[in-house]
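Reproduced below: target-v4.tsv, with TSV, C-alpha atoms.
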chain	number	residue	atom	x	y	z
H	1	TYR	CA	-21.09	-3.83	10.05
H	2	ALA	CA	-21.73	-0.84	7.78
H	3	ILE	CA	-22.69	-0.01	4.20
H	4	GLY	CA	-21.14	2.86	2.28
H	5	ILE	CA	-19.24	4.36	5.21
H	6	ARG	CA	-16.23	6.59	4.48
H	7	LEU	CA	-13.73	7.24	7.27
H	8	ARG	CA	-11.69	10.34	6.49
H	9	ASN	CA	-9.19	12.78	7.98
H	10	ILE	CA	-8.27	10.90	11.14
H	11	ALA	CA	-4.92	10.53	12.92
H	12	ILE	CA	-4.41	7.43	15.09
H	13	SER	CA	-1.39	6.51	17.20
H	14	ASN	CA	-0.34	3.79	19.64
H	15	ALA	CA	-3.10	1.35	18.65
H	16	LEU	CA	-2.68	-1.86	20.65
H	17	GLY	CA	-4.64	-4.00	18.17
H	18	ASN	CA	-6.11	-2.72	14.89
H	19	ALA	CA	-6.24	1.02	14.31
H	20	VAL	CA	-9.07	0.77	11.75
H	21	THR	CA	-11.27	-2.32	11.40
H	22	PHE	CA	-13.93	-3.05	8.78
H	23	ASN	CA	-15.92	-6.11	9.87
H	24	ASN	CA	-18.31	-7.43	7.22
H	25	CYS	CA	-18.70	-3.97	5.66
H	26	ASN	CA	-19.81	-3.26	2.11
H	27	GLY	CA	-18.71	-0.30	0.03
H	28	ALA	CA	-16.63	1.07	2.90
H	29	SER	CA	-13.40	3.04	2.54
H	30	ALA	CA	-10.65	4.60	4.64
H	31	GLU	CA	-9.26	7.82	3.16
H	32	TRP	CA	-6.71	10.38	4.33
H	33	ILE	CA	-5.97	8.53	7.57
H	34	ALA	CA	-2.58	8.56	9.29
H	35	VAL	CA	-1.65	5.65	11.56
H	36	GLY	CA	1.57	5.62	13.56
H	37	LEU	CA	2.93	3.29	16.19
H	38	GLY	CA	0.80	0.18	16.45
H	39	ASN	CA	0.11	-3.35	15.31
H	40	VAL	CA	-2.23	-3.46	12.28
H	41	ALA	CA	-3.17	-0.14	10.66
H	42	PHE	CA	-6.11	-1.36	8.54
H	43	TYR	CA	-7.86	-4.68	9.18
H	44	LEU	CA	-10.41	-5.76	6.58
H	45	ASN	CA	-12.46	-8.76	7.67
H	46	SER	CA	-15.11	-10.07	5.29
H	47	GLY	CA	-17.43	-7.72	3.38
H	48	SER	CA	-16.96	-6.43	-0.16
H	49	GLN	CA	-15.97	-3.38	-2.22
H	50	LEU	CA	-13.56	-2.08	0.39
H	51	GLY	CA	-10.89	0.54	-0.23
H	52	ILE	CA	-7.85	2.10	1.42
H	53	SER	CA	-6.62	5.26	-0.28
H	54	ASN	CA	-4.46	8.33	0.41
H	55	CYS	CA	-3.46	6.98	3.83
H	56	VAL	CA	-0.15	6.80	5.69
H	57	ALA	CA	1.00	4.05	8.04
H	58	TYR	CA	4.40	4.12	9.73
H	59	SER	CA	6.03	2.38	12.68
H	60	VAL	CA	3.36	-0.34	12.54
H	61	THR	CA	3.74	-4.09	12.23
H	62	THR	CA	1.35	-4.53	9.29
H	63	ALA	CA	-0.20	-1.79	7.16
H	64	VAL	CA	-3.13	-3.76	5.68
H	65	GLN	CA	-4.42	-7.17	6.71
H	66	VAL	CA	-7.16	-8.83	4.68
H	67	ALA	CA	-9.03	-11.66	6.38
H	68	ASN	CA	-12.34	-13.48	6.10
H	69	TRP	CA	-14.14	-15.24	8.92
H	70	ASP	CA	-16.54	-16.82	6.39
H	71	LYS	CA	-14.36	-18.40	3.73
H	72	SER	CA	-17.42	-19.47	1.74
H	73	THR	CA	-17.85	-15.87	0.59
H	74	ASN	CA	-14.22	-14.77	0.05
H	75	THR	CA	-15.32	-11.48	-1.50
H	76	VAL	CA	-13.34	-8.84	0.38
H	77	PHE	CA	-11.09	-8.11	-2.63
H	78	PRO	CA	-10.04	-4.59	-1.53
H	79	VAL	CA	-8.42	-1.87	-3.64
H	80	VAL	CA	-5.38	-0.36	-1.93
H	81	GLN	CA	-4.10	2.73	-3.74
H	82	HIS	CA	-2.26	6.03	-3.31
H	83	ASN	CA	-0.94	5.22	0.15
H	84	VAL	CA	2.43	5.40	1.90
H	85	PHE	CA	3.23	2.38	4.07
H	86	TRP	CA	6.67	3.06	5.47
H	87	GLU	CA	9.10	0.62	7.09
H	88	THR	CA	6.58	-1.80	8.55
H	89	ALA	CA	8.09	-4.04	11.23
H	90	GLY	CA	6.32	-7.04	9.68
H	91	THR	CA	4.65	-7.79	6.35
H	92	ALA	CA	3.26	-4.60	4.82
H	93	ILE	CA	0.23	-6.16	3.09
H	94	LEU	CA	-0.98	-9.46	4.53
H	95	ILE	CA	-3.71	-11.34	2.65
H	96	GLY	CA	-5.58	-14.37	4.00
H	97	GLY	CA	-9.03	-15.94	3.89
H	98	GLN	CA	-8.95	-16.90	0.21
H	99	ASN	CA	-8.89	-13.30	-0.97
H	100	ARG	CA	-7.38	-11.09	-3.62
H	101	ALA	CA	-6.22	-7.48	-3.29
H	102	THR	CA	-5.50	-4.83	-5.91
H	103	VAL	CA	-2.46	-2.76	-4.94
H	104	ARG	CA	-1.38	0.21	-7.06
H	105	ASN	CA	0.13	3.67	-6.86
H	106	ASN	CA	1.51	3.05	-3.36
H	107	VAL	CA	4.87	3.69	-1.70
H	108	LEU	CA	5.77	0.46	0.10
H	109	SER	CA	8.72	0.00	2.44
H	110	VAL	CA	9.54	-2.72	4.97
H	111	ALA	CA	12.12	-3.34	7.66
H	112	PRO	CA	15.08	-5.66	6.94
H	113	GLY	CA	14.02	-9.27	6.58
H	114	GLN	CA	10.32	-8.42	6.20
H	115	TYR	CA	8.03	-8.79	3.17
H	116	VAL	CA	6.01	-6.29	1.19
H	117	TYR	CA	3.38	-8.93	0.35
H	118	GLY	CA	2.45	-11.98	2.44
H	119	LEU	CA	-0.20	-14.41	1.19
H	120	GLY	CA	-1.91	-17.55	2.35
H	121	ILE	CA	-2.12	-20.66	0.19
H	122	TYR	CA	-5.18	-19.62	-1.81
H	123	ASP	CA	-4.74	-15.85	-1.89
H	124	THR	CA	-3.71	-13.62	-4.80
H	125	VAL	CA	-2.62	-10.03	-5.38
H	126	ALA	CA	-2.75	-7.80	-8.45
H	127	ALA	CA	-0.01	-5.20	-8.00
H	128	ASP	CA	1.49	-2.59	-10.31
H	129	TYR	CA	2.65	1.03	-10.52
H	130	ASN	CA	3.95	0.99	-6.96
H	131	SER	CA	7.20	2.19	-5.44
H	132	ILE	CA	8.94	-0.61	-3.56
H	133	TRP	CA	11.83	0.44	-1.35
H	134	LEU	CA	13.57	-2.53	0.23
H	135	GLY	CA	16.32	-0.49	1.86
H	136	SER	CA	18.91	-2.69	3.54
H	137	GLY	CA	17.39	-6.14	3.47
H	138	GLY	CA	13.65	-5.93	2.82
H	139	ARG	CA	12.03	-8.67	0.73
H	140	VAL	CA	9.15	-8.62	-1.71
H	141	PHE	CA	6.87	-11.65	-1.54
H	142	ARG	CA	6.10	-14.72	0.57
H	143	GLN	CA	3.26	-17.20	0.10
H	144	GLU	CA	2.41	-20.30	2.05
H	145	ARG	CA	2.02	-23.49	0.02
H	146	ASP	CA	0.11	-26.70	0.48
H	147	ALA	CA	2.31	-29.19	2.33
H	148	LEU	CA	1.57	-31.73	-0.39
H	149	VAL	CA	3.10	-29.37	-2.93
H	150	SER	CA	6.06	-28.01	-0.96
H	151	PRO	CA	7.02	-27.86	2.70
H	152	VAL	CA	8.56	-24.41	2.21
H	153	PRO	CA	6.87	-21.13	1.20
H	154	LEU	CA	7.20	-19.47	-2.19
H	155	ILE	CA	9.53	-16.48	-1.84
H	156	TYR	CA	10.72	-13.70	-4.13
H	157	ASP	CA	13.42	-11.52	-2.63
H	158	THR	CA	13.65	-8.88	-5.37
H	159	VAL	CA	11.21	-6.85	-7.42
H	160	GLY	CA	12.84	-8.14	-10.61
H	161	ALA	CA	12.36	-11.80	-9.70
H	162	TRP	CA	8.81	-11.16	-8.52
H	163	ALA	CA	7.85	-9.27	-11.68
H	164	ALA	CA	9.46	-11.77	-14.05
H	165	ALA	CA	7.72	-14.74	-12.43
H	166	THR	CA	4.26	-13.27	-11.90
H	167	SER	CA	3.92	-10.13	-14.09
H	168	ASN	CA	3.08	-8.18	-10.95
H	169	ASP	CA	4.74	-4.79	-10.38
H	170	LEU	CA	6.07	-4.75	-13.95
H	171	HIS	CA	5.76	-0.95	-14.02
H	172	SER	CA	6.70	-0.34	-10.40
H	173	TYR	CA	9.76	1.59	-9.26
H	174	ASP	CA	12.43	-0.37	-7.41
H	175	GLY	CA	14.62	2.11	-5.55
H	176	ASP	CA	14.75	5.16	-3.31
H	177	PRO	CA	11.50	7.10	-3.80
H	178	LEU	CA	13.20	10.38	-2.81
H	179	LEU	CA	10.70	11.43	-0.18
H	180	VAL	CA	11.31	14.78	1.47
H	181	ASP	CA	12.13	13.49	4.97
H	182	ALA	CA	10.70	10.07	5.83
H	183	THR	CA	12.58	10.02	9.15
H	184	ASN	CA	10.52	12.97	10.32
H	185	ARG	CA	7.34	11.74	8.60
H	186	VAL	CA	7.36	14.17	5.69
H	187	PHE	CA	6.25	11.82	2.92
H	188	GLN	CA	5.93	14.36	0.11
H	189	LEU	CA	7.82	13.71	-3.12
H	190	ARG	CA	10.81	15.91	-3.82
H	191	SER	CA	10.42	18.16	-6.84
H	192	ARG	CA	12.68	20.65	-8.54
H	193	ALA	CA	9.54	22.20	-10.03
H	194	GLY	CA	8.21	22.82	-6.53
H	195	ARG	CA	5.99	21.22	-3.90
H	196	TRP	CA	3.30	22.80	-1.78
H	197	THR	CA	3.90	22.97	1.98
H	198	GLY	CA	0.75	24.83	3.04
H	199	GLY	CA	-0.84	28.21	2.42
H	200	THR	CA	0.97	29.82	-0.51
H	201	ASN	CA	4.33	28.27	0.32
H	202	TRP	CA	6.17	26.38	-2.41
H	203	VAL	CA	9.57	24.74	-1.92
H	204	LEU	CA	11.96	23.95	-4.76
H	205	ASP	CA	14.02	20.82	-4.08
H	206	SER	CA	17.45	19.97	-5.48
H	207	ALA	CA	16.17	16.67	-6.91
H	208	THR	CA	12.94	15.28	-8.36
H	209	SER	CA	11.39	12.02	-7.20
H	210	PRO	CA	11.09	9.33	-9.89
H	211	LEU	CA	7.54	8.76	-8.63
H	212	ILE	CA	6.23	12.01	-10.06
H	213	ASP	CA	4.00	11.37	-13.10
H	214	SER	CA	4.74	7.63	-12.83
H	215	GLY	CA	1.43	6.24	-11.55
H	216	ALA	CA	-1.12	4.12	-13.40
H	217	PRO	CA	-2.00	5.87	-16.68
H	218	ASP	CA	-5.71	5.11	-16.28
H	219	SER	CA	-5.95	7.03	-12.98
H	220	GLY	CA	-7.54	10.44	-13.33
H	221	ALA	CA	-6.56	11.81	-9.93
H	222	TRP	CA	-3.96	14.14	-11.48
H	223	VAL	CA	-6.67	16.42	-12.90
H	224	HIS	CA	-6.89	18.09	-9.48
H	225	GLU	CA	-3.27	19.27	-9.72
H	226	PRO	CA	-2.60	22.84	-10.89
H	227	ALA	CA	-1.05	23.26	-14.33
H	228	ALA	CA	1.46	22.28	-15.50
H	229	ASN	CA	0.94	18.86	-13.99
H	230	GLY	CA	2.47	16.34	-16.38
H	231	GLY	CA	-0.86	14.80	-17.30
H	232	ARG	CA	-0.36	11.73	-15.13
H	233	VAL	CA	-0.84	10.79	-11.51
H	234	ASN	CA	2.06	10.42	-9.08
H	235	ILE	CA	2.84	7.22	-7.21
H	236	GLY	CA	2.04	7.64	-3.55
Could you rewrite the structure in this file as structure tokens?
Amino acid sequence: YAIGIRLRNIAISNALGNAVTFNNCNGASAEWIAVGLGNVAFYLNSGSQLGISNCVAYSVTTAVQVANWDKSTNTVFPVVQHNVFWETAGTAILIGGQNRATVRNNVLSVAPGQYVYGLGIYDTVAADYNSIWLGSGGRVFRQERDALVSPVPLIYDTVGAWAAATSNDLHSYDGDPLLVDATNRVFQLRSRAGRWTGGTNWVLDSATSPLIDSGAPDSGAWVHEPAANGGRVNIG
């Protein structure tokens, strides 16, 4: 239990259970955290006003799991933004406990046959301005349904079907995000105008990622970029 805590600048690997857990926390956030090789990267259980931002999770089963031990409160409602969740072995964002999550400006990728979003019967998600890379067989959305309504879950395999049916991810990018080298965990966006690699080193790529200047227009994070910066935040 904690109020107003901010976990920042941590690298975690080989977590047997949850790498980061917020239990009944309020106003807590995880920022600039890298999680590799494990089960659940970020586990949010009860509490309110929680956030996950500017984090990376790779080679994990689930990137974010939202739960609630006290379903009478159902107020977790986290904001998940500006993260890279790459090729999760299971569902990337798993929501339960009668909750809702806001998901925007993220790069989301899952293994073949797995889902970007997985919801319980009474859970919802508000998602837009993300990059969804399904690769060779990933799927977008799965939600359990009341057995009295349907014995099978509600499933959307493609971003187009998901967006048309729910208006979620209407402005999201469905395709290769053109990361520098995801295999070797370099999750920067390629840019012909140049990208910073540390110190005073700038690299000019042969292609530009479609995620550059494609994030939510109401996000002001881009003001920290040096000019000329396009006047809009990147996805990721």
- Note on the structure: The residue from H:Arg104, H:Arg190, H:Arg6, H:His82 with the smallest atom-to-atom distance to Ala207 (chain H), counting only C-alpha atoms, is H:Arg190
Closest atom pairs, region 151-223 of chain H residues within 12 Å of region 108-117 of chain H, only C-alpha atoms, as CSV:
residue,atom,partner,partner_atom,distance
H:Leu154,CA,H:Tyr117,CA,11.5
H:Ile155,CA,H:Tyr115,CA,9.3
H:Tyr156,CA,H:Tyr115,CA,9.2
H:Asp157,CA,H:Tyr115,CA,8.4
H:Thr158,CA,H:Tyr115,CA,10.2
H:Val159,CA,H:Val116,CA,10.1
H:Trp162,CA,H:Tyr117,CA,10.6
H:Asn168,CA,H:Tyr117,CA,11.3
H:Asp169,CA,H:Tyr117,CA,11.6
H:Ser172,CA,H:Leu108,CA,10.6
H:Tyr173,CA,H:Leu108,CA,10.2
H:Asp174,CA,H:Leu108,CA,10.1
H:Gly175,CA,H:Ser109,CA,10.2
H:Asp176,CA,H:Ser109,CA,9.8
H:Pro177,CA,H:Leu108,CA,9.6
H:Leu179,CA,H:Ser109,CA,11.9
H:Ala182,CA,H:Ser109,CA,10.8
H:Phe187,CA,H:Leu108,CA,11.7
- So what do you get for CA of Gly90 (chain H) versus CA of Ser59 (chain H), distance-wise?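 Between CA of Gly90 (chain H) and CA of Ser59 (chain H) the gap is 9.9 Å.
Relative to CA of Asp128 (chain H), CA of Ala15 (chain H) is found at 29.6 Å.
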- Record the distance separating CA of Gln98 (chain H) and CA of Gly38 (chain H), expressed in Å with one decimal.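 Here the two named atoms are 25.5 Å from each other.
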Residues of region 93-130 of chain H at most 9 Å from region 143-153 of chain H: nearest atom pair and distance in Å, all atoms listed in the file, as a tab-separated table:
residue	atom	partner	partner_atom	distance
H:Tyr117	CA	H:Gln143	CA	8.3
H:Gly118	CA	H:Gln143	CA	5.8
H:Leu119	CA	H:Gln143	CA	4.6
H:Gly120	CA	H:Glu144	CA	5.1
H:Ile121	CA	H:Glu144	CA	4.9
H:Tyr122	CA	H:Arg145	CA	8.4
H:Asp123	CA	H:Gln143	CA	8.4
- Between H:Val76, H:Leu37, H:Val140, H:Ile52, single out the one closest to Asn24 (chain H), counting all atoms listed in the file.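 Ranking H:Val76, H:Leu37, H:Val140, H:Ile52 by distance to Asn24 (chain H), first place goes to H:Val76.
With all atoms listed in the file taken into account, the protein and nucleic acid residues at most 8 Å from Ala30 (chain H) (excluding it and anything under 4 positions from it in its own chain) are H:Arg6, H:Leu7, H:Arg8, H:Gly51, H:Ile52, H:Ser53, H:Cys55.
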- Query: Got a sec: who's within 12 Å of Trp202 (chain H), counting all atoms listed in the file, leaving out chain neighbours fewer than 6 positions off, as a ChimeraX atom specification?
  - Reply: /H:190-196
- Given all atoms listed in the file as the counted atoms, nearest of H:Ser136, H:Thr124, H:Thr61, H:Asn234 to Asn99 (chain H):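 For Asn99 (chain H), the nearest of the candidates is H:Thr124.
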- Query: Hey, which of H:Ala164, H:Val66, H:Val203, H:Ala11 ends up closest to Asn23 (chain H)? Count only C-alpha atoms.
  - Reply: H:Val66
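Each of H:Ala41, H:Ala126, H:Ile95, H:Ile10 was compared to Thr166 (chain H) using all atoms listed in the file, and H:Ala126 turns out to be the nearest.
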- Nearest to Thr102 (chain H) among H:Phe77, H:Trp133, H:Phe141, H:Trp86, with distances taken over only C-alpha atoms: which residue is it? H:Phe77
- Task: Select, counting only C-alpha atoms, all protein, DNA and RNA residues no farther than 10 Å from (2.4, -5.6, 12.2) in file coordinates, and express the selection as a list in words.
- Result: Gly17, Asn18, Leu37, Gly38, Asn39, Val40, Ala41, Ser59, Val60, Thr61, Thr62, Ala63, Val64, Gln65, Thr88, Ala89, Gly90, Thr91, Ala92, Ile93 and Leu94 of chain H
Step by step: locate region 9-29 of chain H in the block above, keep N, CA and C atoms, then write the file as a PDB file, in the first residue's frame.
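Generated file (result20.pdb):
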ATOM      1  N   ASN H   9      13.296   4.401 -13.401  1.00  0.00           N
ATOM      2  CA  ASN H   9      14.673   4.065 -13.777  1.00  0.00           C
ATOM      3  C   ASN H   9      15.162   2.770 -13.139  1.00  0.00           C
ATOM      4  N   ILE H  10      14.412   1.709 -13.382  1.00  0.00           N
ATOM      5  CA  ILE H  10      14.745   0.390 -12.838  1.00  0.00           C
ATOM      6  C   ILE H  10      14.745  -0.619 -13.977  1.00  0.00           C
ATOM      7  N   ALA H  11      15.676  -1.551 -13.947  1.00  0.00           N
ATOM      8  CA  ALA H  11      15.711  -2.677 -14.886  1.00  0.00           C
ATOM      9  C   ALA H  11      15.499  -3.966 -14.094  1.00  0.00           C
ATOM     10  N   ILE H  12      14.553  -4.792 -14.564  1.00  0.00           N
ATOM     11  CA  ILE H  12      14.196  -6.027 -13.874  1.00  0.00           C
ATOM     12  C   ILE H  12      14.218  -7.170 -14.885  1.00  0.00           C
ATOM     13  N   SER H  13      14.809  -8.302 -14.495  1.00  0.00           N
ATOM     14  CA  SER H  13      14.817  -9.451 -15.393  1.00  0.00           C
ATOM     15  C   SER H  13      14.573 -10.729 -14.614  1.00  0.00           C
ATOM     16  N   ASN H  14      14.046 -11.730 -15.331  1.00  0.00           N
ATOM     17  CA  ASN H  14      13.830 -13.066 -14.777  1.00  0.00           C
ATOM     18  C   ASN H  14      12.926 -13.063 -13.544  1.00  0.00           C
ATOM     19  N   ALA H  15      11.863 -12.270 -13.581  1.00  0.00           N
ATOM     20  CA  ALA H  15      10.911 -12.240 -12.470  1.00  0.00           C
ATOM     21  C   ALA H  15      10.018 -13.482 -12.534  1.00  0.00           C
ATOM     22  N   LEU H  16       9.980 -14.247 -11.453  1.00  0.00           N
ATOM     23  CA  LEU H  16       9.194 -15.476 -11.441  1.00  0.00           C
ATOM     24  C   LEU H  16       7.696 -15.195 -11.368  1.00  0.00           C
ATOM     25  N   GLY H  17       7.302 -14.146 -10.681  1.00  0.00           N
ATOM     26  CA  GLY H  17       5.889 -13.786 -10.569  1.00  0.00           C
ATOM     27  C   GLY H  17       5.641 -12.461 -11.264  1.00  0.00           C
ATOM     28  N   ASN H  18       5.389 -11.416 -10.473  1.00  0.00           N
ATOM     29  CA  ASN H  18       5.173 -10.071 -10.994  1.00  0.00           C
ATOM     30  C   ASN H  18       6.436  -9.244 -10.791  1.00  0.00           C
ATOM     31  N   ALA H  19       6.884  -8.576 -11.829  1.00  0.00           N
ATOM     32  CA  ALA H  19       8.080  -7.740 -11.695  1.00  0.00           C
ATOM     33  C   ALA H  19       7.791  -6.507 -10.852  1.00  0.00           C
ATOM     34  N   VAL H  20       6.680  -5.836 -11.130  1.00  0.00           N
ATOM     35  CA  VAL H  20       6.256  -4.658 -10.376  1.00  0.00           C
ATOM     36  C   VAL H  20       4.803  -4.860  -9.964  1.00  0.00           C
ATOM     37  N   THR H  21       4.507  -4.709  -8.672  1.00  0.00           N
ATOM     38  CA  THR H  21       3.154  -4.883  -8.166  1.00  0.00           C
ATOM     39  C   THR H  21       2.722  -3.653  -7.391  1.00  0.00           C
ATOM     40  N   PHE H  22       1.556  -3.106  -7.743  1.00  0.00           N
ATOM     41  CA  PHE H  22       0.910  -2.065  -6.951  1.00  0.00           C
ATOM     42  C   PHE H  22      -0.326  -2.686  -6.306  1.00  0.00           C
ATOM     43  N   ASN H  23      -0.289  -2.882  -4.995  1.00  0.00           N
ATOM     44  CA  ASN H  23      -1.418  -3.429  -4.260  1.00  0.00           C
ATOM     45  C   ASN H  23      -2.125  -2.316  -3.492  1.00  0.00           C
ATOM     46  N   ASN H  24      -3.337  -2.004  -3.908  1.00  0.00           N
ATOM     47  CA  ASN H  24      -4.158  -1.009  -3.212  1.00  0.00           C
ATOM     48  C   ASN H  24      -3.419   0.321  -3.063  1.00  0.00           C
ATOM     49  N   CYS H  25      -2.732   0.745  -4.114  1.00  0.00           N
ATOM     50  CA  CYS H  25      -2.017   2.014  -4.102  1.00  0.00           C
ATOM     51  C   CYS H  25      -2.873   3.117  -4.722  1.00  0.00           C
ATOM     52  N   ASN H  26      -2.589   4.343  -4.338  1.00  0.00           N
ATOM     53  CA  ASN H  26      -3.311   5.490  -4.879  1.00  0.00           C
ATOM     54  C   ASN H  26      -2.319   6.510  -5.416  1.00  0.00           C
ATOM     55  N   GLY H  27      -2.555   6.967  -6.635  1.00  0.00           N
ATOM     56  CA  GLY H  27      -1.672   7.952  -7.241  1.00  0.00           C
ATOM     57  C   GLY H  27      -0.274   7.438  -7.487  1.00  0.00           C
ATOM     58  N   ALA H  28      -0.125   6.141  -7.718  1.00  0.00           N
ATOM     59  CA  ALA H  28       1.192   5.539  -7.928  1.00  0.00           C
ATOM     60  C   ALA H  28       1.468   5.364  -9.419  1.00  0.00           C
ATOM     61  N   SER H  29       2.740   5.405  -9.782  1.00  0.00           N
ATOM     62  CA  SER H  29       3.093   5.247 -11.197  1.00  0.00           C
ATOM     63  C   SER H  29       4.416   4.516 -11.339  1.00  0.00           C
TER      64      SER H  29
END
